[in-house]
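For reference, protein.cif is printed below; it contains mmCIF, C-alpha atoms.
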data_coords
#
loop_
_atom_site.group_PDB
_atom_site.id
_atom_site.type_symbol
_atom_site.label_atom_id
_atom_site.label_comp_id
_atom_site.auth_asym_id
_atom_site.auth_seq_id
_atom_site.Cartn_x
_atom_site.Cartn_y
_atom_site.Cartn_z
ATOM 1 C CA VAL F 289 129.249 96.756 59.461
ATOM 2 C CA VAL F 290 132.749 95.229 59.589
ATOM 3 C CA ASP F 291 133.836 91.910 58.046
ATOM 4 C CA ASP F 292 136.513 90.554 55.674
ATOM 5 C CA TRP F 293 134.725 90.464 52.300
ATOM 6 C CA ASN F 294 137.828 90.267 50.105
ATOM 7 C CA GLY F 295 139.429 87.444 52.122
ATOM 8 C CA ASP F 296 142.764 89.183 52.740
ATOM 9 C CA GLY F 297 142.646 88.733 56.517
ATOM 10 C CA HIS F 298 141.981 92.436 57.181
ATOM 11 C CA ALA F 299 138.741 94.017 58.333
ATOM 12 C CA ASP F 300 136.709 95.811 55.662
ATOM 13 C CA LEU F 301 133.912 98.327 56.286
ATOM 14 C CA ALA F 302 130.510 98.443 54.570
ATOM 15 C CA THR F 303 128.418 101.600 54.890
ATOM 16 C CA LEU F 304 125.033 102.701 53.607
ATOM 17 C CA GLY F 305 124.370 106.048 51.988
ATOM 18 C CA THR F 306 121.483 107.385 49.968
ATOM 19 C CA ASN F 307 120.862 104.655 47.374
ATOM 20 C CA ALA F 308 124.417 103.324 47.698
ATOM 21 C CA LEU F 309 126.280 100.619 49.524
ATOM 22 C CA THR F 310 130.021 101.265 49.846
ATOM 23 C CA VAL F 311 132.601 98.674 50.860
ATOM 24 C CA LEU F 312 135.995 100.011 51.961
ATOM 25 C CA SER F 313 138.807 97.457 51.965
ATOM 26 C CA GLY F 314 141.302 97.748 54.772
ATOM 27 C CA PRO F 315 143.910 98.454 55.746
ATOM 28 C CA ALA F 316 144.291 101.125 53.109
ATOM 29 C CA PRO F 317 144.679 104.887 52.997
ATOM 30 C CA VAL F 318 141.394 106.727 53.427
ATOM 31 C CA GLY F 319 139.560 106.916 50.117
ATOM 32 C CA SER F 320 141.344 104.030 48.411
ATOM 33 C CA SER F 321 140.241 100.486 47.600
ATOM 34 C CA ARG F 322 136.608 101.525 47.504
ATOM 35 C CA ARG F 323 133.893 99.387 45.902
ATOM 36 C CA ALA F 324 130.505 101.044 45.526
ATOM 37 C CA THR F 325 127.296 99.343 44.497
ATOM 38 C CA VAL F 326 124.388 101.574 43.545
ATOM 39 C CA LEU F 327 121.075 100.241 44.830
ATOM 40 C CA ALA F 328 117.892 102.029 43.830
ATOM 41 C CA ARG F 329 115.936 101.893 47.097
ATOM 42 C CA SER F 330 116.050 103.556 50.480
ATOM 43 C CA ARG F 331 118.471 101.510 52.594
ATOM 44 C CA ILE F 332 117.710 101.041 56.292
ATOM 45 C CA GLY F 333 119.919 98.342 57.824
ATOM 46 C CA ILE F 334 122.918 96.220 56.940
ATOM 47 C CA GLY F 335 124.285 92.898 58.152
ATOM 48 C CA SER F 336 126.915 90.356 57.240
ATOM 49 C CA GLY F 337 126.979 86.571 57.368
ATOM 50 C CA ASP F 338 127.865 83.537 55.256
ATOM 51 C CA LEU F 339 124.457 82.731 53.745
ATOM 52 C CA ASN F 340 125.655 80.182 51.179
ATOM 53 C CA GLY F 341 128.240 78.240 53.206
ATOM 54 C CA ASP F 342 131.258 79.128 51.048
ATOM 55 C CA LYS F 343 133.227 80.573 54.014
ATOM 56 C CA SER F 344 132.955 84.112 52.548
ATOM 57 C CA PRO F 345 130.718 86.669 54.265
ATOM 58 C CA ASP F 346 127.743 87.966 52.270
ATOM 59 C CA LEU F 347 125.881 91.255 52.713
ATOM 60 C CA ILE F 348 122.205 91.609 53.643
ATOM 61 C CA VAL F 349 120.546 95.035 53.376
ATOM 62 C CA SER F 350 117.018 95.940 54.500
ATOM 63 C CA ASN F 351 115.124 98.326 52.229
ATOM 64 C CA ALA F 352 112.121 100.491 53.041
ATOM 65 C CA GLY F 353 108.859 100.242 51.114
ATOM 66 C CA TYR F 354 108.065 103.462 49.292
ATOM 67 C CA LEU F 355 104.509 103.966 50.543
ATOM 68 C CA LEU F 356 102.435 102.793 53.458
ATOM 69 C CA GLY F 357 101.327 99.270 52.655
ATOM 70 C CA VAL F 358 104.104 98.699 50.106
ATOM 71 C CA PRO F 359 106.344 95.964 51.514
ATOM 72 C CA GLY F 360 109.995 96.474 52.173
ATOM 73 C CA ASP F 361 112.516 93.875 51.151
ATOM 74 C CA LEU F 362 115.965 92.505 51.753
ATOM 75 C CA SER F 363 118.751 92.835 49.203
ATOM 76 C CA ILE F 364 121.003 89.789 49.316
ATOM 77 C CA LEU F 365 124.500 90.258 47.882
ATOM 78 C CA LEU F 366 126.429 86.997 47.768
ATOM 79 C CA ASN F 367 130.197 87.350 47.971
ATOM 80 C CA THR F 368 132.053 85.985 44.929
ATOM 81 C CA GLY F 369 135.535 86.647 46.341
ATOM 82 C CA ALA F 370 136.093 89.295 43.667
ATOM 83 C CA GLY F 371 133.095 91.397 44.642
ATOM 84 C CA PHE F 372 129.409 90.660 44.989
ATOM 85 C CA ALA F 373 126.987 88.867 42.687
ATOM 86 C CA ALA F 374 123.953 90.785 41.438
ATOM 87 C CA GLU F 375 121.518 91.378 44.277
ATOM 88 C CA TYR F 376 118.407 89.336 44.670
ATOM 89 C CA ARG F 377 115.507 90.425 46.826
ATOM 90 C CA VAL F 378 113.315 88.816 49.448
ATOM 91 C CA VAL F 379 110.018 90.574 50.307
ATOM 92 C CA THR F 380 109.351 91.377 53.948
ATOM 93 C CA ASP F 381 106.769 93.538 55.760
ATOM 94 C CA ALA F 382 106.361 97.288 55.345
ATOM 95 C CA GLN F 383 108.878 99.685 56.825
ATOM 96 C CA PRO F 384 111.786 97.585 58.060
ATOM 97 C CA THR F 385 113.828 99.550 60.587
ATOM 98 C CA GLY F 386 116.768 97.203 61.062
ATOM 99 C CA LEU F 387 118.021 93.650 60.919
ATOM 100 C CA VAL F 388 120.000 91.091 62.860
ATOM 101 C CA VAL F 389 122.020 88.291 61.253
ATOM 102 C CA GLY F 390 122.927 85.065 63.073
ATOM 103 C CA ASP F 391 122.087 81.398 63.499
ATOM 104 C CA LEU F 392 118.768 82.035 65.223
ATOM 105 C CA ASN F 393 117.440 78.463 65.262
ATOM 106 C CA VAL F 394 120.814 76.805 65.987
ATOM 107 C CA ASP F 395 120.899 74.620 62.846
ATOM 108 C CA GLY F 396 124.292 75.814 61.552
ATOM 109 C CA ASP F 397 122.844 78.088 58.823
ATOM 110 C CA VAL F 398 122.793 81.884 58.925
ATOM 111 C CA ASP F 399 119.327 83.385 59.460
ATOM 112 C CA VAL F 400 118.014 86.964 59.354
ATOM 113 C CA ALA F 401 115.544 88.723 61.651
ATOM 114 C CA VAL F 402 114.038 91.964 60.335
ATOM 115 C CA VAL F 403 112.527 94.520 62.694
ATOM 116 C CA HIS F 404 109.490 96.476 61.442
ATOM 117 C CA ALA F 405 107.926 99.548 63.000
ATOM 118 C CA ASN F 406 105.561 101.526 60.820
ATOM 119 C CA GLY F 407 104.140 103.823 63.504
ATOM 120 C CA PHE F 408 100.626 102.432 63.092
ATOM 121 C CA GLY F 409 100.802 99.647 65.674
ATOM 122 C CA SER F 410 102.334 97.044 63.361
ATOM 123 C CA ASN F 411 105.594 96.457 65.197
ATOM 124 C CA ASN F 412 107.058 93.018 64.636
ATOM 125 C CA VAL F 413 110.091 90.913 63.873
ATOM 126 C CA VAL F 414 109.990 88.685 60.807
ATOM 127 C CA VAL F 415 112.407 85.759 60.942
ATOM 128 C CA PHE F 416 113.857 84.334 57.721
ATOM 129 C CA LEU F 417 115.610 80.989 58.014
ATOM 130 C CA GLY F 418 118.685 80.400 55.872
ATOM 131 C CA ASP F 419 119.016 77.213 53.837
ATOM 132 C CA GLY F 420 122.843 77.227 53.779
ATOM 133 C CA LEU F 421 122.818 77.726 49.999
ATOM 134 C CA GLY F 422 122.143 81.483 49.947
ATOM 135 C CA GLY F 423 118.356 81.352 50.184
ATOM 136 C CA LEU F 424 116.080 82.676 52.910
ATOM 137 C CA ALA F 425 112.569 81.417 53.715
ATOM 138 C CA ARG F 426 110.068 83.399 55.773
ATOM 139 C CA ALA F 427 109.433 81.380 58.927
ATOM 140 C CA LYS F 428 107.800 83.394 61.671
ATOM 141 C CA ARG F 429 106.327 86.791 62.486
ATOM 142 C CA ILE F 430 106.642 87.880 66.107
ATOM 143 C CA PRO F 431 104.807 90.944 67.508
ATOM 144 C CA ILE F 432 107.064 93.170 69.605
ATOM 145 C CA PRO F 433 106.352 96.102 71.919
ATOM 146 C CA GLU F 434 109.575 97.913 70.986
ATOM 147 C CA GLN F 435 111.664 98.574 67.886
ATOM 148 C CA ARG F 436 114.699 96.601 69.041
ATOM 149 C CA ALA F 437 116.230 93.242 68.216
ATOM 150 C CA ARG F 438 119.438 91.668 69.441
ATOM 151 C CA THR F 439 121.121 88.447 68.500
ATOM 152 C CA GLY F 440 121.121 85.971 71.326
ATOM 153 C CA ASP F 441 119.570 82.854 72.713
ATOM 154 C CA TRP F 442 115.992 83.361 71.476
ATOM 155 C CA ARG F 443 114.737 79.808 72.133
ATOM 156 C CA LEU F 444 111.735 80.402 69.885
ATOM 157 C CA GLN F 445 109.183 77.726 69.185
ATOM 158 C CA TRP F 446 109.528 76.770 65.502
#
Structure rendered as structure tokens:
Amino acid sequence: VVDDWNGDGHADLATLGTNALTVLSGPAPVGSSRRATVLARSRIGIGSGDLNGDKSPDLIVSNAGYLLGVPGDLSILLNTGAGFAAEYRVVTDAQPTGLVVGDLNVDGDVDVAVVHANGFGSNNVVVFLGDGLGGLARAKRIPIPEQRARTGDWRLQW
């Protein structure tokens, strides 16, 4: 995912690897200005948005549950301007397969929708509404026939 996490006006790149999140600051020669954060779970999806209203983009990462029935979670990394604060986690359903970040209920706060598909008929999207202060509250679970989610004009009944 691309955003400007260090506030220098240039696009930065965040990537997921096995148990690691890497943020590359740009523009810079390949391999320089790298910040890596080791996270001890299997990472599935990544998104960016200003969760706490400080005008700096934060990172949201979806993490798989280890076993069937063990819930996955979201790692929230709030941007401090000099890096990221220690992650905090929000529990979601088992086996998240991706996420979408945006103002889903049109209230001015960043929200997160997490797609789940565990292969056993439990395909859904769980919507977490942002409070504008960095917190997310589980709001709605929506069954879906496919494993896809896109940001857009959802017009959901809250």
Next on the checklist: the PyMOL selection byres ((chain F and resi 431) around 6) - which residues does that actually catch in the file I just gave you? List them as a ChimeraX atom specification.
Outcome noted: /F:412,430,432
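Near F:Ser350, within 8 Å and counting only C-alpha atoms, sit Arg331, Ile332, Gly333, Ile334, Gly360, Asp361, Leu362, Ser363, Pro384, Thr385, Gly386, Leu387 and Val402 of chain F, not including residues fewer than 4 positions from it in the same chain.
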Next on the checklist: Env of F:Ile348: 12 Å cut, atoms = all atoms listed in the file, seq-sep filter 5 positions within chain, self excluded. Answer as a PyMOL selection string.
Outcome noted: chain F and resi 289+302-304+309+331-339+361-367+372+375-378+386-390+398-402+416+418+422-424
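Note that the spacing between atom CA of F:Thr310 and atom CA of F:Val414 amounts to 26.1 Å.
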Checklist entry - Any idea what's packed within 6 Å of stretch 292-299 of chain F, counting all atoms listed in the file, ignoring anything in its chain fewer than 6 positions away? Could you give it as a VMD selection string? => result chain F and resid 314 345 369
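Take the candidates F:Asp381, F:Asp300, F:Asp346, F:Asp291 and check each one against F:Lys428 using all atoms listed in the file; the shortest distance goes to F:Asp381.
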Checklist entry - In file coordinates, which residues lie within 6 Å of (106.4, 96.4, 49.7) using only C-alpha atoms, given as a PyMOL selection string? => result chain F and resi 353+358-360+382
Checklist entry - Restricting the calculation to only C-alpha atoms, which member of F:Asn307, F:Asn340, F:Ser330, F:Ser313 is positioned closest to F:Asp397? => result F:Asn340
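Residue nearest F:Ala425, chosen from F:Val379, F:Ala405, F:Val413, F:Ala373 and counting only C-alpha atoms: F:Val379.
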